[in-house]
Structure formats: structure tokens, C-alpha cells
Amino acid sequence: MRRGLIPGSTGAVRPLRTYGDPVLHTPGRPVDGDARRSLPALVEDLYASMYAARGVGLAACQIGVPLRVFVYDCPDDEDRRHRGHVVNPRLVRVGGVTVRGPEGCLSLPGLEARTPRADLAVVEGEDLTGAPVRIEGTGYFARCLQHECDHLEGRVYTERLTGPARRRALRAVRRAPWSLPAPQDREEPARG
């Protein structure tokens with residue numbers, strides 16, 4: 001991105017993939033030589049798509065690109081704004097208390113579930129030029145970082161749920177008009 005441009009202002013809004021699409025359930029590929037050339041345009045498209053959907057984070061798989069890249073524009077619990085992108089991110093540390101808070105996803109529109117996440121997250125990766133970046137987040141921003149890293153591993157937040165909460169969420173997903181079946185998120189059998 002050139003200095004002074006608003007992130008996403010030169011990007012195209014791409015359709016979001018919804019739950020059950022195979023790209024959401026497959027780990028992303030690392031960004032390397034060939035993929036790096038198209039990275040600036042991809043990051044712009046990610047910002048444009050995230051802002052159009054009114055989200056706070058978006059992983060490349062959510063627009064159908066199976067690469068390890070995500071963008072974010074997310075407040076923390078002190079209402080400080082964090083905006084950026086990470087290429088080839090690795091969640092290197094989680095800590096603090098585990099907080100069960102409301103979590104939604106642009107790929108599961110209209111649904112939300114109380115999902116457990118660590119209150120601290122540290123992500124390391126690269127920027128567009130390949131320079132190392134390290135991002136530390138707390139509270140809501142930590143939740144966002146963990147959520148986007150999960151996407152790049154082929155996971156959605158429903159996989160973090162257990163018991164009745166998981167069954168309720170999967171039932172809501174199955175009833176949603178946009179839902180496709182995802183083999184790993186079959187409802188667990190009732191245990192007596």
C-alpha cells in the first residue's frame with residue numbers, strides 16, 4: 001500500500017465464503033515467491049471486503065484464497081484501534097485468563113456463540129515486504145488475532161465450542177440459508 005492511502009480504497013470487494021466451503025476447512029499455504037507478487041492487491045482486496053462486510057478481521061481463505069494472510073482493524077478492550085496485516089502469521093503465545101465471550105464470523109453471518117479464548121495473544125509473521133512483524137493483543141483484539149489464525153489453520157470458531165453450546169451452534173449453522181455441510185463439524189452424539 002502506498003503511503004497515505006486508506007487501506008482497501010484501491011481493493012475490490014470480493015464475495016465471502018461461507019461455512020462448509022472447503023477453503024475454510026483447509027490449512028492455508030505459506031506465501032512464498034510467486035504468491036508474493038500479488039500480495040499488495042490481495043491485502044487491498046481483504047481490507048475492502050472486510051470493511052464492506054463491517055468486520056474487524058478477515059483471512060484470505062474467507063475470500064477463497066488459500067494463503068496464510070489476514071488483515072484486521074479491531075479495537076482492544078480499552079478502545080484502542082489496531083489496524084494492519086500479517087503474512088505467514090504464527091500464533092506464538094496465548095496467555096492470561098480464558099474468557100468465554102461472544103464471537104461471530106463473517107463466514108457464518110448472523111450467528112454468534114460464547115467462545116473461549118485467551119485474553120492475551122502474540123502473533124509473529126511478516127509484512128508485505130517480508131519484514132518481520134510482531135503483534136500483541138489483549139481482550140477483544142486478542143480474540144480477533146486468535147480467530148484469524150484459526151482460519152489460516154482451516155478452523156472456524158464452532159470447533160472451539162463443546163457440549164450443548166457446540167450442538168446449538170451447529171444446529172443453527174445447518175438451518176442457515178447459506179450453510180454447506182462440513183464433515184469435521186458433525187454434531188456429537190448425545191451422551192447419557
# chains A, B, ... in the order shown; residues from 1 in each chain; ligands from 1
$ residues_around --residues "range 108-117 of chain A" --least-positions-apart "6" --cutoff "12 Å" --atoms "only C-alpha atoms" --output "JSON, numbers by chain"
{"A": [16, 17, 18, 19, 20, 21, 24, 53, 54, 55, 62, 94, 95, 96, 97, 98, 99, 100, 101, 102, 138, 139, 140, 141, 142, 143, 144, 145, 146, 147, 150, 156, 157, 158, 159, 160, 161, 162, 164, 165, 166, 167, 168, 169, 170, 171, 172, 173, 174, 175, 176, 177, 178, 179, 180]}
$ select_by_dssp --residues "range 7-192 of chain A" --states "strand (DSSP E or B)" --output "PDB file with N, CA and C atoms, in the first residue's frame"
ATOM      1  N   ARG A  29      -1.832 -22.136   2.566  1.00  0.00           N
ATOM      2  CA  ARG A  29      -0.443 -22.331   2.128  1.00  0.00           C
ATOM      3  C   ARG A  29       0.381 -21.103   2.503  1.00  0.00           C
ATOM      4  N   GLY A  57     -11.784  -8.292  11.197  1.00  0.00           N
ATOM      5  CA  GLY A  57     -10.671  -9.094  10.726  1.00  0.00           C
ATOM      6  C   GLY A  57     -11.143  -9.953   9.571  1.00  0.00           C
ATOM      7  N   LEU A  58     -10.207 -10.325   8.692  1.00  0.00           N
ATOM      8  CA  LEU A  58     -10.568 -11.179   7.555  1.00  0.00           C
ATOM      9  C   LEU A  58      -9.337 -11.935   7.088  1.00  0.00           C
ATOM     10  N   ALA A  59      -9.480 -13.242   6.967  1.00  0.00           N
ATOM     11  CA  ALA A  59      -8.410 -14.112   6.478  1.00  0.00           C
ATOM     12  C   ALA A  59      -8.610 -14.360   4.989  1.00  0.00           C
ATOM     13  N   LEU A  67      -4.203 -18.815   1.082  1.00  0.00           N
ATOM     14  CA  LEU A  67      -2.879 -18.366   1.516  1.00  0.00           C
ATOM     15  C   LEU A  67      -2.933 -17.880   2.960  1.00  0.00           C
ATOM     16  N   VAL A  69      -2.605 -15.270   5.057  1.00  0.00           N
ATOM     17  CA  VAL A  69      -2.611 -13.807   5.161  1.00  0.00           C
ATOM     18  C   VAL A  69      -3.913 -13.400   5.840  1.00  0.00           C
ATOM     19  N   PHE A  70      -3.830 -12.410   6.743  1.00  0.00           N
ATOM     20  CA  PHE A  70      -5.059 -11.807   7.239  1.00  0.00           C
ATOM     21  C   PHE A  70      -4.850 -10.323   7.491  1.00  0.00           C
ATOM     22  N   VAL A  71      -5.976  -9.601   7.516  1.00  0.00           N
ATOM     23  CA  VAL A  71      -5.978  -8.178   7.846  1.00  0.00           C
ATOM     24  C   VAL A  71      -6.872  -7.977   9.068  1.00  0.00           C
ATOM     25  N   TYR A  72      -6.677  -6.849   9.740  1.00  0.00           N
ATOM     26  CA  TYR A  72      -7.505  -6.541  10.903  1.00  0.00           C
ATOM     27  C   TYR A  72      -7.620  -5.033  11.065  1.00  0.00           C
ATOM     28  N   ASP A  73      -8.726  -4.617  11.635  1.00  0.00           N
ATOM     29  CA  ASP A  73      -8.968  -3.249  12.069  1.00  0.00           C
ATOM     30  C   ASP A  73      -9.898  -3.396  13.262  1.00  0.00           C
ATOM     31  N   CYS A  74      -9.283  -3.550  14.429  1.00  0.00           N
ATOM     32  CA  CYS A  74     -10.008  -4.046  15.597  1.00  0.00           C
ATOM     33  C   CYS A  74      -9.635  -3.259  16.849  1.00  0.00           C
ATOM     34  N   PRO A  75     -10.614  -2.911  17.660  1.00  0.00           N
ATOM     35  CA  PRO A  75     -10.289  -2.266  18.935  1.00  0.00           C
ATOM     36  C   PRO A  75      -9.927  -3.317  19.989  1.00  0.00           C
ATOM     37  N   ARG A  81      -7.506   1.417  18.753  1.00  0.00           N
ATOM     38  CA  ARG A  81      -7.670   0.801  17.433  1.00  0.00           C
ATOM     39  C   ARG A  81      -6.345   0.185  16.970  1.00  0.00           C
ATOM     40  N   HIS A  82      -6.447  -1.040  16.458  1.00  0.00           N
ATOM     41  CA  HIS A  82      -5.297  -1.750  15.893  1.00  0.00           C
ATOM     42  C   HIS A  82      -5.636  -2.088  14.447  1.00  0.00           C
ATOM     43  N   ARG A  83      -4.777  -1.668  13.513  1.00  0.00           N
ATOM     44  CA  ARG A  83      -5.037  -1.940  12.104  1.00  0.00           C
ATOM     45  C   ARG A  83      -3.744  -2.419  11.459  1.00  0.00           C
ATOM     46  N   GLY A  84      -3.870  -3.479  10.649  1.00  0.00           N
ATOM     47  CA  GLY A  84      -2.691  -3.980   9.959  1.00  0.00           C
ATOM     48  C   GLY A  84      -2.981  -5.251   9.200  1.00  0.00           C
ATOM     49  N   HIS A  85      -1.910  -5.874   8.767  1.00  0.00           N
ATOM     50  CA  HIS A  85      -1.993  -7.147   8.053  1.00  0.00           C
ATOM     51  C   HIS A  85      -0.814  -8.013   8.504  1.00  0.00           C
ATOM     52  N   VAL A  86      -0.964  -9.310   8.365  1.00  0.00           N
ATOM     53  CA  VAL A  86       0.117 -10.237   8.708  1.00  0.00           C
ATOM     54  C   VAL A  86       0.179 -11.300   7.621  1.00  0.00           C
ATOM     55  N   VAL A  87       1.383 -11.530   7.126  1.00  0.00           N
ATOM     56  CA  VAL A  87       1.655 -12.559   6.128  1.00  0.00           C
ATOM     57  C   VAL A  87       2.375 -13.699   6.845  1.00  0.00           C
ATOM     58  N   ASN A  88       1.984 -14.920   6.551  1.00  0.00           N
ATOM     59  CA  ASN A  88       2.567 -16.114   7.189  1.00  0.00           C
ATOM     60  C   ASN A  88       2.579 -16.010   8.715  1.00  0.00           C
ATOM     61  N   PRO A  89       1.439 -15.659   9.311  1.00  0.00           N
ATOM     62  CA  PRO A  89       1.408 -15.477  10.771  1.00  0.00           C
ATOM     63  C   PRO A  89       1.529 -16.796  11.527  1.00  0.00           C
ATOM     64  N   ARG A  90       2.109 -16.678  12.711  1.00  0.00           N
ATOM     65  CA  ARG A  90       2.186 -17.788  13.656  1.00  0.00           C
ATOM     66  C   ARG A  90       1.720 -17.262  15.006  1.00  0.00           C
ATOM     67  N   LEU A  91       0.784 -17.956  15.608  1.00  0.00           N
ATOM     68  CA  LEU A  91       0.349 -17.617  16.958  1.00  0.00           C
ATOM     69  C   LEU A  91       1.415 -18.183  17.892  1.00  0.00           C
ATOM     70  N   VAL A  92       2.274 -17.322  18.436  1.00  0.00           N
ATOM     71  CA  VAL A  92       3.420 -17.801  19.201  1.00  0.00           C
ATOM     72  C   VAL A  92       3.173 -17.842  20.700  1.00  0.00           C
ATOM     73  N   ARG A  93       2.130 -17.130  21.146  1.00  0.00           N
ATOM     74  CA  ARG A  93       1.852 -17.150  22.581  1.00  0.00           C
ATOM     75  C   ARG A  93       0.412 -16.779  22.838  1.00  0.00           C
ATOM     76  N   VAL A  94      -0.206 -17.497  23.748  1.00  0.00           N
ATOM     77  CA  VAL A  94      -1.505 -17.113  24.301  1.00  0.00           C
ATOM     78  C   VAL A  94      -1.346 -17.177  25.809  1.00  0.00           C
ATOM     79  N   GLY A  95      -2.054 -16.328  26.510  1.00  0.00           N
ATOM     80  CA  GLY A  95      -1.913 -16.321  27.957  1.00  0.00           C
ATOM     81  C   GLY A  95      -3.013 -15.523  28.608  1.00  0.00           C
ATOM     82  N   GLY A  96      -2.783 -15.269  29.892  1.00  0.00           N
ATOM     83  CA  GLY A  96      -3.799 -14.585  30.671  1.00  0.00           C
ATOM     84  C   GLY A  96      -4.932 -15.534  30.989  1.00  0.00           C
ATOM     85  N   VAL A  97      -6.038 -14.981  31.377  1.00  0.00           N
ATOM     86  CA  VAL A  97      -7.200 -15.796  31.710  1.00  0.00           C
ATOM     87  C   VAL A  97      -7.920 -16.214  30.433  1.00  0.00           C
ATOM     88  N   THR A  98      -8.665 -17.291  30.524  1.00  0.00           N
ATOM     89  CA  THR A  98      -9.528 -17.692  29.412  1.00  0.00           C
ATOM     90  C   THR A  98     -10.872 -17.016  29.602  1.00  0.00           C
ATOM     91  N   VAL A  99     -11.306 -16.316  28.560  1.00  0.00           N
ATOM     92  CA  VAL A  99     -12.562 -15.568  28.612  1.00  0.00           C
ATOM     93  C   VAL A  99     -13.535 -16.201  27.630  1.00  0.00           C
ATOM     94  N   ARG A 100     -14.731 -16.502  28.101  1.00  0.00           N
ATOM     95  CA  ARG A 100     -15.787 -17.020  27.232  1.00  0.00           C
ATOM     96  C   ARG A 100     -16.661 -15.830  26.854  1.00  0.00           C
ATOM     97  N   GLY A 101     -16.459 -15.349  25.626  1.00  0.00           N
ATOM     98  CA  GLY A 101     -17.177 -14.154  25.198  1.00  0.00           C
ATOM     99  C   GLY A 101     -17.842 -14.356  23.852  1.00  0.00           C
ATOM    100  N   PRO A 102     -18.726 -13.433  23.473  1.00  0.00           N
ATOM    101  CA  PRO A 102     -19.430 -13.563  22.203  1.00  0.00           C
ATOM    102  C   PRO A 102     -18.454 -13.471  21.036  1.00  0.00           C
ATOM    103  N   GLU A 103     -18.628 -14.372  20.085  1.00  0.00           N
ATOM    104  CA  GLU A 103     -17.778 -14.383  18.899  1.00  0.00           C
ATOM    105  C   GLU A 103     -18.629 -14.715  17.692  1.00  0.00           C
ATOM    106  N   GLY A 104     -18.433 -13.956  16.651  1.00  0.00           N
ATOM    107  CA  GLY A 104     -19.099 -14.209  15.384  1.00  0.00           C
ATOM    108  C   GLY A 104     -18.059 -14.347  14.302  1.00  0.00           C
ATOM    109  N   GLU A 112     -23.624 -16.242  16.357  1.00  0.00           N
ATOM    110  CA  GLU A 112     -22.675 -15.863  17.400  1.00  0.00           C
ATOM    111  C   GLU A 112     -22.749 -16.899  18.504  1.00  0.00           C
ATOM    112  N   ALA A 113     -21.616 -17.153  19.158  1.00  0.00           N
ATOM    113  CA  ALA A 113     -21.606 -18.068  20.293  1.00  0.00           C
ATOM    114  C   ALA A 113     -20.541 -17.626  21.289  1.00  0.00           C
ATOM    115  N   ARG A 114     -20.809 -17.904  22.551  1.00  0.00           N
ATOM    116  CA  ARG A 114     -19.822 -17.602  23.595  1.00  0.00           C
ATOM    117  C   ARG A 114     -18.683 -18.604  23.453  1.00  0.00           C
ATOM    118  N   THR A 115     -17.528 -18.109  23.015  1.00  0.00           N
ATOM    119  CA  THR A 115     -16.391 -18.941  22.648  1.00  0.00           C
ATOM    120  C   THR A 115     -15.216 -18.660  23.573  1.00  0.00           C
ATOM    121  N   PRO A 116     -14.581 -19.712  24.104  1.00  0.00           N
ATOM    122  CA  PRO A 116     -13.435 -19.476  24.992  1.00  0.00           C
ATOM    123  C   PRO A 116     -12.186 -19.070  24.209  1.00  0.00           C
ATOM    124  N   ARG A 117     -11.540 -18.008  24.667  1.00  0.00           N
ATOM    125  CA  ARG A 117     -10.285 -17.525  24.077  1.00  0.00           C
ATOM    126  C   ARG A 117      -9.395 -16.974  25.193  1.00  0.00           C
ATOM    127  N   ALA A 118      -8.095 -17.066  24.981  1.00  0.00           N
ATOM    128  CA  ALA A 118      -7.138 -16.468  25.911  1.00  0.00           C
ATOM    129  C   ALA A 118      -7.230 -14.949  25.815  1.00  0.00           C
ATOM    130  N   ASP A 119      -6.969 -14.268  26.919  1.00  0.00           N
ATOM    131  CA  ASP A 119      -7.064 -12.816  26.984  1.00  0.00           C
ATOM    132  C   ASP A 119      -5.816 -12.117  26.449  1.00  0.00           C
ATOM    133  N   LEU A 120      -4.796 -12.881  26.076  1.00  0.00           N
ATOM    134  CA  LEU A 120      -3.564 -12.324  25.509  1.00  0.00           C
ATOM    135  C   LEU A 120      -3.153 -13.193  24.333  1.00  0.00           C
ATOM    136  N   ALA A 121      -2.764 -12.569  23.232  1.00  0.00           N
ATOM    137  CA  ALA A 121      -2.280 -13.308  22.065  1.00  0.00           C
ATOM    138  C   ALA A 121      -1.109 -12.553  21.447  1.00  0.00           C
ATOM    139  N   VAL A 122      -0.103 -13.302  21.029  1.00  0.00           N
ATOM    140  CA  VAL A 122       1.046 -12.728  20.333  1.00  0.00           C
ATOM    141  C   VAL A 122       1.197 -13.468  19.009  1.00  0.00           C
ATOM    142  N   VAL A 123       1.236 -12.693  17.931  1.00  0.00           N
ATOM    143  CA  VAL A 123       1.365 -13.239  16.586  1.00  0.00           C
ATOM    144  C   VAL A 123       2.639 -12.676  15.963  1.00  0.00           C
ATOM    145  N   GLU A 124       3.399 -13.546  15.326  1.00  0.00           N
ATOM    146  CA  GLU A 124       4.579 -13.120  14.574  1.00  0.00           C
ATOM    147  C   GLU A 124       4.402 -13.525  13.129  1.00  0.00           C
ATOM    148  N   GLY A 125       4.938 -12.732  12.230  1.00  0.00           N
ATOM    149  CA  GLY A 125       4.856 -13.018  10.806  1.00  0.00           C
ATOM    150  C   GLY A 125       5.655 -11.988  10.040  1.00  0.00           C
ATOM    151  N   GLU A 126       5.125 -11.591   8.876  1.00  0.00           N
ATOM    152  CA  GLU A 126       5.813 -10.646   8.004  1.00  0.00           C
ATOM    153  C   GLU A 126       4.823  -9.606   7.499  1.00  0.00           C
ATOM    154  N   PRO A 132       9.918  -8.689   9.292  1.00  0.00           N
ATOM    155  CA  PRO A 132       9.233  -9.327  10.420  1.00  0.00           C
ATOM    156  C   PRO A 132       8.307  -8.363  11.162  1.00  0.00           C
ATOM    157  N   VAL A 133       7.166  -8.886  11.610  1.00  0.00           N
ATOM    158  CA  VAL A 133       6.247  -8.132  12.458  1.00  0.00           C
ATOM    159  C   VAL A 133       5.875  -8.992  13.654  1.00  0.00           C
ATOM    160  N   ARG A 134       5.594  -8.312  14.746  1.00  0.00           N
ATOM    161  CA  ARG A 134       5.139  -8.978  15.977  1.00  0.00           C
ATOM    162  C   ARG A 134       3.984  -8.142  16.514  1.00  0.00           C
ATOM    163  N   ILE A 135       2.851  -8.782  16.721  1.00  0.00           N
ATOM    164  CA  ILE A 135       1.656  -8.084  17.177  1.00  0.00           C
ATOM    165  C   ILE A 135       1.210  -8.717  18.476  1.00  0.00           C
ATOM    166  N   GLU A 136       0.983  -7.884  19.477  1.00  0.00           N
ATOM    167  CA  GLU A 136       0.484  -8.371  20.760  1.00  0.00           C
ATOM    168  C   GLU A 136      -0.878  -7.747  20.999  1.00  0.00           C
ATOM    169  N   GLY A 137      -1.833  -8.591  21.358  1.00  0.00           N
ATOM    170  CA  GLY A 137      -3.171  -8.086  21.604  1.00  0.00           C
ATOM    171  C   GLY A 137      -3.735  -8.601  22.908  1.00  0.00           C
ATOM    172  N   THR A 138      -4.596  -7.798  23.507  1.00  0.00           N
ATOM    173  CA  THR A 138      -5.302  -8.215  24.714  1.00  0.00           C
ATOM    174  C   THR A 138      -6.797  -8.050  24.476  1.00  0.00           C
TER     175      THR A 138
END
$ closest_residue --among "A:Gly8, A:Val65, A:Glu148, A:Leu106" --to "Ser38 in chain A" --atoms "only C-alpha atoms"
A:Val65
$ atom_distance --atom1 "CA of Arg80 in chain A" --atom2 "CA of Val56 in chain A"
13.0 Å
$ atom_distance --atom1 "CA of Ala52 in chain A" --atom2 "CA of Ala12 in chain A"
9.9 Å
$ atom_distance --atom1 "CA of Arg68 in chain A" --atom2 "CA of Tyr51 in chain A"
19.6 Å
$ select_by_dssp --residues "range 5-133 of chain A" --states "alpha helix (DSSP H)" --output "list in words"
Gly33, Asp34, Ala35, Arg36, Arg37, Leu39, Pro40, Ala41, Leu42, Val43, Glu44, Asp45, Leu46, Tyr47, Ala48, Ser49, Met50, Tyr51 and Ala52 of chain A
$ write_last_selection --atoms "all heavy atoms" --output "compact mmCIF listing (two decimals), in the first residue's frame"
# COMPACT_ATOMS: atom_id res chain seq x y z
N GLY A 33 7.55 -17.00 -2.99
CA GLY A 33 7.96 -16.25 -4.17
C GLY A 33 6.87 -15.81 -5.11
O GLY A 33 6.62 -14.62 -5.29
N ASP A 34 6.20 -16.76 -5.78
CA ASP A 34 5.19 -16.40 -6.78
C ASP A 34 4.00 -15.67 -6.16
O ASP A 34 3.51 -14.69 -6.72
CB ASP A 34 4.70 -17.65 -7.52
CG ASP A 34 5.73 -18.19 -8.48
OD1 ASP A 34 6.67 -17.43 -8.83
OD2 ASP A 34 5.62 -19.36 -8.87
N ALA A 35 3.53 -16.15 -5.02
CA ALA A 35 2.37 -15.54 -4.38
C ALA A 35 2.68 -14.14 -3.87
O ALA A 35 1.79 -13.29 -3.77
CB ALA A 35 1.88 -16.42 -3.23
N ARG A 36 3.93 -13.87 -3.56
CA ARG A 36 4.30 -12.57 -3.00
C ARG A 36 4.06 -11.41 -3.97
O ARG A 36 3.75 -10.30 -3.55
CB ARG A 36 5.77 -12.60 -2.56
CG ARG A 36 6.02 -11.67 -1.42
CD ARG A 36 7.36 -11.92 -0.78
NE ARG A 36 7.35 -12.86 0.30
CZ ARG A 36 6.83 -12.62 1.50
NH1 ARG A 36 6.22 -11.50 1.77
NH2 ARG A 36 6.90 -13.53 2.45
N ARG A 37 4.17 -11.69 -5.27
CA ARG A 37 3.97 -10.61 -6.26
C ARG A 37 2.55 -10.06 -6.23
O ARG A 37 2.32 -8.88 -6.45
CB ARG A 37 4.30 -11.12 -7.67
CG ARG A 37 5.79 -11.20 -7.92
CD ARG A 37 6.08 -11.42 -9.39
NE ARG A 37 5.62 -12.70 -9.90
CZ ARG A 37 6.30 -13.84 -9.79
NH1 ARG A 37 7.45 -13.87 -9.17
NH2 ARG A 37 5.81 -14.95 -10.30
N LEU A 39 0.59 -10.07 -3.59
CA LEU A 39 0.23 -9.79 -2.20
C LEU A 39 -0.34 -8.39 -1.97
O LEU A 39 -1.35 -8.26 -1.28
CB LEU A 39 1.45 -10.03 -1.31
CG LEU A 39 1.21 -10.32 0.15
CD1 LEU A 39 0.19 -11.43 0.34
CD2 LEU A 39 2.52 -10.71 0.81
N PRO A 40 0.24 -7.32 -2.52
CA PRO A 40 -0.36 -5.99 -2.27
C PRO A 40 -1.82 -5.91 -2.71
O PRO A 40 -2.67 -5.36 -1.99
CB PRO A 40 0.53 -5.04 -3.07
CG PRO A 40 1.86 -5.74 -3.12
CD PRO A 40 1.51 -7.21 -3.24
N ALA A 41 -2.15 -6.46 -3.87
CA ALA A 41 -3.53 -6.42 -4.35
C ALA A 41 -4.43 -7.29 -3.46
O ALA A 41 -5.57 -6.90 -3.16
CB ALA A 41 -3.61 -6.90 -5.80
N LEU A 42 -3.93 -8.44 -3.02
CA LEU A 42 -4.72 -9.31 -2.14
C LEU A 42 -5.03 -8.60 -0.82
O LEU A 42 -6.17 -8.62 -0.35
CB LEU A 42 -3.98 -10.62 -1.88
CG LEU A 42 -4.61 -11.55 -0.84
CD1 LEU A 42 -6.03 -11.97 -1.25
CD2 LEU A 42 -3.72 -12.76 -0.59
N VAL A 43 -4.03 -7.95 -0.22
CA VAL A 43 -4.26 -7.26 1.04
C VAL A 43 -5.27 -6.13 0.85
O VAL A 43 -6.17 -5.94 1.69
CB VAL A 43 -2.92 -6.76 1.64
CG1 VAL A 43 -3.15 -5.78 2.79
CG2 VAL A 43 -2.09 -7.94 2.11
N GLU A 44 -5.18 -5.40 -0.24
CA GLU A 44 -6.17 -4.35 -0.52
C GLU A 44 -7.57 -4.95 -0.66
O GLU A 44 -8.55 -4.40 -0.13
CB GLU A 44 -5.80 -3.59 -1.79
CG GLU A 44 -4.76 -2.53 -1.59
CD GLU A 44 -5.28 -1.39 -0.74
OE1 GLU A 44 -6.17 -0.65 -1.17
OE2 GLU A 44 -4.77 -1.24 0.39
N ASP A 45 -7.69 -6.08 -1.36
CA ASP A 45 -8.99 -6.74 -1.51
C ASP A 45 -9.52 -7.23 -0.16
O ASP A 45 -10.73 -7.16 0.10
CB ASP A 45 -8.91 -7.90 -2.49
CG ASP A 45 -8.74 -7.46 -3.94
OD1 ASP A 45 -8.74 -6.25 -4.21
OD2 ASP A 45 -8.57 -8.36 -4.80
N LEU A 46 -8.63 -7.72 0.69
CA LEU A 46 -9.05 -8.18 2.01
C LEU A 46 -9.61 -7.02 2.83
O LEU A 46 -10.67 -7.14 3.44
CB LEU A 46 -7.88 -8.84 2.76
CG LEU A 46 -7.54 -10.26 2.33
CD1 LEU A 46 -6.19 -10.68 2.89
CD2 LEU A 46 -8.63 -11.23 2.77
N TYR A 47 -8.90 -5.88 2.83
CA TYR A 47 -9.42 -4.71 3.55
C TYR A 47 -10.77 -4.27 2.98
O TYR A 47 -11.73 -4.04 3.73
CB TYR A 47 -8.45 -3.53 3.46
CG TYR A 47 -7.37 -3.52 4.50
CD1 TYR A 47 -6.04 -3.57 4.13
CD2 TYR A 47 -7.67 -3.41 5.86
CE1 TYR A 47 -5.03 -3.54 5.07
CE2 TYR A 47 -6.67 -3.37 6.81
CZ TYR A 47 -5.35 -3.44 6.42
OH TYR A 47 -4.35 -3.40 7.36
N ALA A 48 -10.86 -4.15 1.67
CA ALA A 48 -12.11 -3.70 1.04
C ALA A 48 -13.26 -4.64 1.39
O ALA A 48 -14.37 -4.19 1.72
CB ALA A 48 -11.94 -3.60 -0.48
N SER A 49 -13.01 -5.94 1.35
CA SER A 49 -14.04 -6.95 1.64
C SER A 49 -14.42 -6.91 3.11
O SER A 49 -15.61 -7.01 3.46
CB SER A 49 -13.55 -8.34 1.24
OG SER A 49 -13.22 -8.36 -0.13
N MET A 50 -13.43 -6.77 4.01
CA MET A 50 -13.70 -6.70 5.45
C MET A 50 -14.54 -5.47 5.77
O MET A 50 -15.53 -5.57 6.50
CB MET A 50 -12.38 -6.66 6.22
CG MET A 50 -12.56 -6.49 7.73
SD MET A 50 -11.00 -6.33 8.62
CE MET A 50 -10.49 -4.68 8.15
N TYR A 51 -14.16 -4.31 5.24
CA TYR A 51 -14.91 -3.10 5.53
C TYR A 51 -16.32 -3.17 4.96
O TYR A 51 -17.29 -2.74 5.61
CB TYR A 51 -14.19 -1.86 5.00
CG TYR A 51 -12.92 -1.51 5.77
CD1 TYR A 51 -11.79 -1.09 5.10
CD2 TYR A 51 -12.88 -1.61 7.16
CE1 TYR A 51 -10.63 -0.76 5.80
CE2 TYR A 51 -11.74 -1.28 7.86
CZ TYR A 51 -10.61 -0.86 7.18
OH TYR A 51 -9.48 -0.54 7.88
N ALA A 52 -16.48 -3.73 3.78
CA ALA A 52 -17.81 -3.84 3.17
C ALA A 52 -18.73 -4.73 4.01
O ALA A 52 -19.93 -4.48 4.10
CB ALA A 52 -17.70 -4.39 1.75
$ decode --residues "range 24-63 of chain A" --atoms "C-alpha atoms" --output "PDB file, in the first residue's frame"
ATOM      1  CA  LEU A  24     -12.470 -22.553   5.070  1.00  0.00           C
ATOM      2  CA  HIS A  25     -11.712 -26.046   6.335  1.00  0.00           C
ATOM      3  CA  THR A  26      -8.246 -26.475   4.795  1.00  0.00           C
ATOM      4  CA  PRO A  27      -5.000 -25.004   6.197  1.00  0.00           C
ATOM      5  CA  GLY A  28      -3.672 -22.128   4.116  1.00  0.00           C
ATOM      6  CA  ARG A  29      -0.443 -22.331   2.128  1.00  0.00           C
ATOM      7  CA  PRO A  30       2.516 -20.161   3.112  1.00  0.00           C
ATOM      8  CA  VAL A  31       3.074 -17.075   0.986  1.00  0.00           C
ATOM      9  CA  ASP A  32       6.286 -17.536  -0.982  1.00  0.00           C
ATOM     10  CA  GLY A  33       7.964 -16.248  -4.172  1.00  0.00           C
ATOM     11  CA  ASP A  34       5.185 -16.400  -6.778  1.00  0.00           C
ATOM     12  CA  ALA A  35       2.367 -15.540  -4.377  1.00  0.00           C
ATOM     13  CA  ARG A  36       4.304 -12.571  -3.002  1.00  0.00           C
ATOM     14  CA  ARG A  37       3.965 -10.614  -6.263  1.00  0.00           C
ATOM     15  CA  SER A  38       0.166 -10.455  -5.951  1.00  0.00           C
ATOM     16  CA  LEU A  39       0.229  -9.790  -2.201  1.00  0.00           C
ATOM     17  CA  PRO A  40      -0.358  -5.991  -2.268  1.00  0.00           C
ATOM     18  CA  ALA A  41      -3.534  -6.425  -4.349  1.00  0.00           C
ATOM     19  CA  LEU A  42      -4.719  -9.306  -2.137  1.00  0.00           C
ATOM     20  CA  VAL A  43      -4.256  -7.258   1.043  1.00  0.00           C
ATOM     21  CA  GLU A  44      -6.169  -4.353  -0.520  1.00  0.00           C
ATOM     22  CA  ASP A  45      -8.991  -6.737  -1.508  1.00  0.00           C
ATOM     23  CA  LEU A  46      -9.046  -8.175   2.014  1.00  0.00           C
ATOM     24  CA  TYR A  47      -9.424  -4.705   3.550  1.00  0.00           C
ATOM     25  CA  ALA A  48     -12.115  -3.701   1.040  1.00  0.00           C
ATOM     26  CA  SER A  49     -14.040  -6.945   1.643  1.00  0.00           C
ATOM     27  CA  MET A  50     -13.699  -6.704   5.448  1.00  0.00           C
ATOM     28  CA  TYR A  51     -14.913  -3.099   5.531  1.00  0.00           C
ATOM     29  CA  ALA A  52     -17.814  -3.841   3.174  1.00  0.00           C
ATOM     30  CA  ALA A  53     -18.933  -6.673   5.477  1.00  0.00           C
ATOM     31  CA  ARG A  54     -18.406  -4.496   8.572  1.00  0.00           C
ATOM     32  CA  GLY A  55     -15.913  -6.900  10.126  1.00  0.00           C
ATOM     33  CA  VAL A  56     -12.858  -6.429  12.328  1.00  0.00           C
ATOM     34  CA  GLY A  57     -10.671  -9.094  10.726  1.00  0.00           C
ATOM     35  CA  LEU A  58     -10.568 -11.179   7.555  1.00  0.00           C
ATOM     36  CA  ALA A  59      -8.410 -14.112   6.478  1.00  0.00           C
ATOM     37  CA  ALA A  60      -7.571 -14.789   2.833  1.00  0.00           C
ATOM     38  CA  CYS A  61      -9.453 -18.110   2.874  1.00  0.00           C
ATOM     39  CA  GLN A  62     -12.654 -16.180   3.577  1.00  0.00           C
ATOM     40  CA  ILE A  63     -12.473 -14.693   0.072  1.00  0.00           C
TER      41      ILE A  63
END
